[in-house]
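Student: This is the structure, below, for whatever I ask next.
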Amino acid sequence: MNRRQAIKRTALLSGGIVLLKNSLLGQASSLSIPTSDAFGTKEEHLLQLIVDTLIPATDTPGAKDLGVDRFVLLMVNDCHSEKDQTAFYEGLHTMDAFIEKHFSQSFILCGNDTRVEALKRLSKSPDASPELKAFIQIAKHRTIQGYLESVYVMTEALPHKMIPDPYDGYYPASKLGGKA
Amino acid sequence: MANTNINSVKQRSYDAIVIGSGISGGWAAKELTEKGLKTLVLERGRDVKHIVDYPTANKMPYEFEHRGEIPQDIRKANPILSRAGAWNEASDHFFVKDAEHPYIQEKPFDWIRGYQVGGRSLIWARQTQRWSDYDFEGPARDGYAVDWPIRYEDIAPWYSHVEKFAGISGNRDGLKELPDGEFLPPGPLNAVEDHFRKTLQEKFEGRHLIAARYAHLSKPSAIHGEQGRAQCLSRKLCRRGCPLGGYFSSNSSTLPWAERTGNLTLRPHSVAHSVIYDEKRRKATGVRVIDSQSNEVIEFYAKIIFVNASALNTNLILLNSVSGRFPNGLGNVNGLLGKFVAFHNYNTTIRAEFEGLREFATFGDRPGSAYIPRFRNVLRQETDFLRGYATGFSAERNMSSDRSGIGHSLKEGLLNPTLSGWYVRAHMMGETIPKESNTVSLDLNETDARGMPLLRVNIDYDENDLKMEVDSLEQLSEMFAAAGFKNIKTTHKRQAPGIDIHEMGGVRMGKDPKTSLLNKWNQLHACKNVFVTDGACMTSTSTQNPSLTYMALTVRAANHAVEELRKGNV
């Protein structure tokens, strides 16, 4: 049984709702994330905080508002190798110890600016374990993807055209902000 | 077994049977039905109706659960299919899963298949170039395979016939090595592609960069309107099926056309088991089919049979068609059926950056880019390897976002993409030399769930391929450097044959029945009412994307078949 199956099974046994098969981006959902040893309420909250720190709400929605934490979890569980999955959950479980050591408080209690600093330290510090680095790298990569490919960004912030404009291979770069 | 009741036999009798509804089978169906032949098209997979059976065609990226990515457990269950770049969450329903049709790899071979009405014409790369006599004369000049029984002039009018109907976009470049066709307006090149074109023109004699030629309707003609097809809008979501019919597929073009004649019977879920040979009449009389839904074996009868099951499955069916006269497979008198299989070599790519022409960018999109026809050994042998390679080339300049930050700076970067520099990329498409040792054969013991013998595939590269790969990187590097491209990076991989999805041969054409299986009209030498016009018929591979040539050979053979039928010769 791989981790993904284990998580699902644990979720079912513990009465959590398996919703990972649903596309929920773009809609803030009140459905609960499945609970298990690997991913419980604490981890759910932590992951929300991580995506919110990576891409915060401003006058436009941030990653957490768009449910990107659920997307990250879905992709880790469905599309990553077991090695990545192990690193991800390992990182999720050990990041707080690392952050407490360097910032004297847990990630959840840090202020916004400190959280940003904490994630930077996590991805760059020589004393961060390979799992921690892999974890933050996966989390960031999938957060960016989930954000850019959310309903909100693809319809409002950077509207995606299903039918592109006709091609111009000599388009003036200046019109796209490019410098000659 | 088949019901031999007289009426039932009549109900199962047609003028012609076409095995396979892919890119060549669709053309056989169109030509034969247009000429008035009651034609049965057998397709092993499910039906796919144009537009209505393209469930993902209009989905936005966020409507795919994994944003297009195939989940890990499905990838793990499909190691072969996983290597096909075109397989994703949006096109998944048009690709055969590994377990659905097992085969035996004596050497690694990635066999990528599309079992449905339309076959792989739904998911092909749509690049379409004519062969020239430099290609048809290759085997005779350079001493490999056997001489092609046809020359360019034999097939040229049929290329035209196909191009007008399918709709091929291209420029009339006037190159002897890549003859011009019946073109719709060409796709546009961009500033850096033009720059590279001029560089080749000035500094490399005999090397030409041209607009890629592809089966997209850049400007539909009346005939395309009659097919219900509209202009290609460069959505580049082709492999989901195109609701516009913007590119050519059996589903959007030939099959509905054939259906309109009233002469077409399309039978999905029909796995061809073998061609039935009548010892007394010394000809083929029909096709034995396994209905994949009922597992019933049913026989269908016809005067002529076109085998267009895709190259390797055509080999399989013929090898499995045994009779007293042909104990080793239909028409296989010389023992060469299943031998001399070849493919295309895509093992090298080269990338670079360009700092010039920064005043230009690109805007909007287009269905394809640029192409460099084979320039090695065209007029004469000039290298220590035989034949050569064509090259695909593209330049692009993208809007890209800064992803380095965390927090506000990251969000800012993502929402404000900026113009990147120019990137250029090229890849080789090499000819491989057909060899007797590159074979497909039937396994004597193992069968699939329906009792069909498993195909054993034993196909590999050789020394000539390696030399050609090295040469392609040397030559392209030199050409890139001459154009001022910087930071040149080469990739030399060794992917398994098959993943090029250009498998060819095994039932080759030739002049001599002792050394080939098919004559110049694609008839089996030894069983003239059976025609093979898919990739299996190819004597050599040259470097062009092969589908256009399969289509032209098919219409040529189909028209000949009708004439011969009328004369009572088959």
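Residue numbering restarts at 1 in every chain; chains get A, B, ... in the order shown in the structure tokens, and ligands count up from 1 in that same order.
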If we count only C-alpha atoms, what is near Lys435 (chain B) at a cut-off of 8 Å, once residues fewer than 3 positions away on the same chain are taken out, given as a PyMOL selection string?
Tutor: chain B and resi 145+339-342+438
Student: What residues in chain B have any atom no more than 8 Å from chain A when counting only C-alpha atoms, and can you write them as number ranges by chain?
Tutor: B: 58, 60-67, 69-73, 188-191, 233-235, 357-366, 406-408, 410-411, 414-415, 418-419
Student: The selected residues should be written to file as a short mmCIF file (atom, residue, chain, number, x, y, z; two decimals), in the first residue's frame (atoms: N, CA, C and O atoms).
Tutor:
```cif
data_model
loop_
_atom_site.label_atom_id
_atom_site.label_comp_id
_atom_site.auth_asym_id
_atom_site.auth_seq_id
_atom_site.Cartn_x
_atom_site.Cartn_y
_atom_site.Cartn_z
N ASN B 58 -13.49 21.52 -25.63
CA ASN B 58 -13.65 22.92 -25.26
C ASN B 58 -13.41 23.21 -23.79
O ASN B 58 -13.85 24.22 -23.26
N MET B 60 -11.55 24.33 -20.45
CA MET B 60 -10.48 25.22 -19.99
C MET B 60 -9.48 24.40 -19.17
O MET B 60 -9.84 23.36 -18.62
N PRO B 61 -8.25 24.87 -19.07
CA PRO B 61 -7.23 24.10 -18.33
C PRO B 61 -7.69 23.71 -16.92
O PRO B 61 -7.39 22.61 -16.45
N TYR B 62 -8.40 24.61 -16.24
CA TYR B 62 -8.78 24.31 -14.86
C TYR B 62 -9.93 23.30 -14.77
O TYR B 62 -10.31 22.90 -13.69
N GLU B 63 -10.47 22.91 -15.89
CA GLU B 63 -11.51 21.88 -15.85
C GLU B 63 -10.93 20.47 -15.81
O GLU B 63 -11.68 19.50 -15.72
N PHE B 64 -9.62 20.37 -15.93
CA PHE B 64 -8.97 19.06 -15.79
C PHE B 64 -8.47 18.91 -14.37
O PHE B 64 -7.74 19.77 -13.87
N GLU B 65 -8.88 17.82 -13.75
CA GLU B 65 -8.61 17.64 -12.33
C GLU B 65 -7.14 17.86 -11.99
O GLU B 65 -6.83 18.53 -11.01
N HIS B 66 -6.26 17.30 -12.81
CA HIS B 66 -4.82 17.44 -12.53
C HIS B 66 -4.17 18.38 -13.52
O HIS B 66 -2.99 18.26 -13.82
N ARG B 67 -4.94 19.30 -14.04
CA ARG B 67 -4.46 20.31 -14.98
C ARG B 67 -3.73 19.69 -16.16
O ARG B 67 -2.73 20.22 -16.65
N GLU B 69 -2.10 16.74 -16.22
CA GLU B 69 -1.12 15.70 -15.87
C GLU B 69 -1.79 14.35 -15.65
O GLU B 69 -2.87 14.27 -15.06
N ILE B 70 -1.13 13.30 -16.10
CA ILE B 70 -1.63 11.95 -15.85
C ILE B 70 -1.15 11.51 -14.47
O ILE B 70 0.05 11.55 -14.19
N PRO B 71 -2.06 11.08 -13.59
CA PRO B 71 -1.65 10.66 -12.24
C PRO B 71 -0.61 9.54 -12.25
O PRO B 71 -0.56 8.72 -13.17
N GLN B 72 0.18 9.53 -11.20
CA GLN B 72 1.31 8.64 -11.07
C GLN B 72 0.92 7.15 -11.17
O GLN B 72 1.60 6.36 -11.81
N ASP B 73 -0.17 6.76 -10.54
CA ASP B 73 -0.52 5.33 -10.56
C ASP B 73 -0.90 4.89 -11.98
O ASP B 73 -0.59 3.77 -12.40
N PRO B 188 2.87 31.33 -40.95
CA PRO B 188 3.87 32.40 -40.89
C PRO B 188 5.14 31.98 -40.16
O PRO B 188 5.11 31.18 -39.24
N LEU B 189 6.27 32.52 -40.60
CA LEU B 189 7.52 32.40 -39.86
C LEU B 189 7.70 33.67 -39.03
O LEU B 189 7.13 34.71 -39.35
N ASN B 190 8.49 33.59 -37.99
CA ASN B 190 8.76 34.80 -37.22
C ASN B 190 10.14 35.37 -37.55
O ASN B 190 10.88 34.80 -38.38
N ALA B 191 10.47 36.47 -36.91
CA ALA B 191 11.68 37.22 -37.27
C ALA B 191 12.94 36.36 -37.16
O ALA B 191 13.81 36.41 -38.03
N LEU B 233 -8.03 27.64 -36.09
CA LEU B 233 -7.86 28.86 -35.31
C LEU B 233 -6.67 28.78 -34.36
O LEU B 233 -6.57 29.53 -33.39
N SER B 234 -5.77 27.84 -34.64
CA SER B 234 -4.53 27.72 -33.85
C SER B 234 -4.77 27.51 -32.36
O SER B 234 -4.00 27.99 -31.54
N ARG B 235 -5.85 26.82 -32.03
CA ARG B 235 -6.08 26.54 -30.60
C ARG B 235 -5.02 25.60 -30.06
O ARG B 235 -4.74 25.56 -28.88
N LEU B 357 17.65 40.78 -32.82
CA LEU B 357 16.24 40.99 -33.22
C LEU B 357 15.32 41.19 -32.02
O LEU B 357 14.17 40.76 -32.02
N ARG B 358 15.86 41.89 -31.02
CA ARG B 358 15.09 42.13 -29.80
C ARG B 358 13.94 43.12 -30.03
O ARG B 358 13.08 43.28 -29.18
N GLU B 359 13.98 43.81 -31.17
CA GLU B 359 12.88 44.74 -31.44
C GLU B 359 11.59 44.01 -31.81
O GLU B 359 10.52 44.59 -31.82
N PHE B 360 11.74 42.70 -32.09
CA PHE B 360 10.54 41.92 -32.45
C PHE B 360 10.20 40.89 -31.38
O PHE B 360 11.08 40.38 -30.68
N ALA B 361 8.93 40.61 -31.32
CA ALA B 361 8.45 39.52 -30.47
C ALA B 361 7.44 38.75 -31.31
O ALA B 361 7.31 39.00 -32.51
N THR B 362 6.76 37.80 -30.71
CA THR B 362 5.66 37.16 -31.42
C THR B 362 4.38 37.42 -30.65
O THR B 362 4.40 37.67 -29.44
N PHE B 363 3.28 37.39 -31.36
CA PHE B 363 1.99 37.65 -30.75
C PHE B 363 1.00 36.65 -31.33
O PHE B 363 1.09 36.29 -32.50
N GLY B 364 0.07 36.19 -30.52
CA GLY B 364 -0.90 35.22 -31.00
C GLY B 364 -0.27 33.85 -31.17
O GLY B 364 0.82 33.59 -30.65
N ASP B 365 -0.93 32.98 -31.94
CA ASP B 365 -0.39 31.63 -32.10
C ASP B 365 -0.64 31.10 -33.50
O ASP B 365 -1.37 31.69 -34.29
N ARG B 366 -0.01 29.97 -33.82
CA ARG B 366 -0.06 29.36 -35.16
C ARG B 366 0.06 27.85 -34.95
O ARG B 366 0.56 27.40 -33.91
N ILE B 406 8.91 35.05 -2.79
CA ILE B 406 7.93 34.42 -1.90
C ILE B 406 7.08 35.55 -1.34
O ILE B 406 7.59 36.60 -0.97
N GLY B 407 5.78 35.35 -1.28
CA GLY B 407 4.90 36.38 -0.75
C GLY B 407 4.51 37.40 -1.81
O GLY B 407 4.29 37.05 -2.97
N HIS B 408 4.48 38.68 -1.41
CA HIS B 408 4.03 39.73 -2.33
C HIS B 408 4.86 39.76 -3.60
O HIS B 408 4.32 39.96 -4.68
N LEU B 410 6.36 37.34 -5.11
CA LEU B 410 5.99 36.22 -5.99
C LEU B 410 4.68 36.54 -6.71
O LEU B 410 4.57 36.37 -7.93
N LYS B 411 3.71 37.02 -5.96
CA LYS B 411 2.42 37.32 -6.57
C LYS B 411 2.58 38.38 -7.65
O LYS B 411 2.02 38.27 -8.76
N LEU B 414 4.13 36.81 -10.73
CA LEU B 414 3.22 35.94 -11.48
C LEU B 414 2.20 36.74 -12.28
O LEU B 414 1.84 36.35 -13.39
N LEU B 415 1.74 37.85 -11.70
CA LEU B 415 0.67 38.60 -12.36
C LEU B 415 1.20 39.61 -13.38
O LEU B 415 0.43 40.23 -14.09
N THR B 418 6.78 39.20 -18.08
CA THR B 418 7.57 40.07 -18.95
C THR B 418 8.11 39.26 -20.13
O THR B 418 8.16 38.04 -20.10
N LEU B 419 8.52 39.99 -21.13
CA LEU B 419 8.98 39.37 -22.37
C LEU B 419 10.34 38.71 -22.17
O LEU B 419 11.28 39.34 -21.70
#
```
Student: Just the helix (DSSP H, G or I) stuff from region 335-549 of chain B, please, per backbone DSSP, written as number ranges by chain.
Tutor: B: 408-415, 463-482, 535-537, 547-549
Student: For Ser249 (chain B), list every protein, DNA or RNA residue within 8 Å, evaluated using only C-alpha atoms, and leave out those in the same chain fewer than 6 positions away; present the list as a PyMOL selection string.
Tutor: chain B and resi 23+118+121-122
Student: Can I get the selected residues back with C-alpha atoms, as a compact mmCIF listing (two decimals), in the first residue's frame?
Tutor:
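Ended up saving to result29.txt:
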```txt
# COMPACT_ATOMS: atom_id res chain seq x y z
CA ILE B 23 -5.59 7.90 -41.77
CA GLY B 118 -10.24 7.48 -36.82
CA SER B 121 -5.50 10.39 -37.33
CA LEU B 122 -7.03 12.08 -34.28
```
Student: So which residues touch Gly228 (chain B) within 10 Å, counting only C-alpha atoms, skipping near sequence neighbours fewer than 3 positions away, as a PyMOL selection string?
Tutor: chain B and resi 222-225+244-245+252-253+256-257
Student: Excluding Arg450 (chain B) and residues on its chain fewer than 5 positions from it, collect all residues at most 10 Å away from it, counting only C-alpha atoms, and give them as a list in words.
Tutor: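 What passes the distance filter is Val271, His273, Ile290, Asp291, Ser292, Asn295 and Glu296 of chain B.
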Student: For the selection you just gave me, I'd like the residues written to a file as a short mmCIF file (atom, residue, chain, number, x, y, z; two decimals), in the first residue's frame, keeping N, CA and C atoms.
Tutor:
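Listed below is the output, part-v8.cif:
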```cif
data_model
loop_
_atom_site.label_atom_id
_atom_site.label_comp_id
_atom_site.auth_asym_id
_atom_site.auth_seq_id
_atom_site.Cartn_x
_atom_site.Cartn_y
_atom_site.Cartn_z
N VAL B 271 -12.40 -6.67 -34.26
CA VAL B 271 -10.97 -6.96 -34.33
C VAL B 271 -10.73 -7.93 -35.48
N HIS B 273 -9.25 -10.73 -37.35
CA HIS B 273 -8.48 -11.91 -36.95
C HIS B 273 -7.57 -12.35 -38.09
N ILE B 290 -13.27 -10.82 -34.85
CA ILE B 290 -13.75 -11.11 -33.50
C ILE B 290 -14.47 -9.86 -33.01
N ASP B 291 -15.76 -10.04 -32.70
CA ASP B 291 -16.52 -8.92 -32.14
C ASP B 291 -16.06 -8.73 -30.70
N SER B 292 -15.47 -7.57 -30.41
CA SER B 292 -14.82 -7.40 -29.10
C SER B 292 -15.83 -7.25 -27.97
N ASN B 295 -17.42 -11.29 -28.27
CA ASN B 295 -16.40 -12.32 -28.51
C ASN B 295 -16.80 -13.32 -29.59
N GLU B 296 -17.84 -13.02 -30.32
CA GLU B 296 -18.30 -13.85 -31.41
C GLU B 296 -17.34 -13.72 -32.60
#
```
Student: Using only C-alpha atoms, find the one residue out of B:Phe354, B:Phe485, B:Tyr115, B:Phe343 that sits nearest to Glu503 (chain B).
Tutor: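 Ranked by minimum distance to Glu503 (chain B), first place goes to B:Phe343.
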Student: I'd like the interatomic distance between CA of Gln201 (chain B) and CA of Leu476 (chain B), to a tenth of an Å.
Tutor: 14.5 Å
Student: If you count only C-alpha atoms, which residues fall within 10 Å of Asp384 (chain B), apart from same-chain ones fewer than 6 positions away, as a compact mmCIF listing (two decimals) with C-alpha atoms, in the first residue's frame?
Tutor:
```txt
# COMPACT_ATOMS: atom_id res chain seq x y z
CA ASN B 377 23.59 12.85 -49.25
CA ASN B 464 24.43 4.09 -39.34
CA LYS B 467 26.77 8.23 -37.06
CA MET B 468 23.81 10.20 -38.39
CA ASP B 471 26.40 14.39 -37.63
```
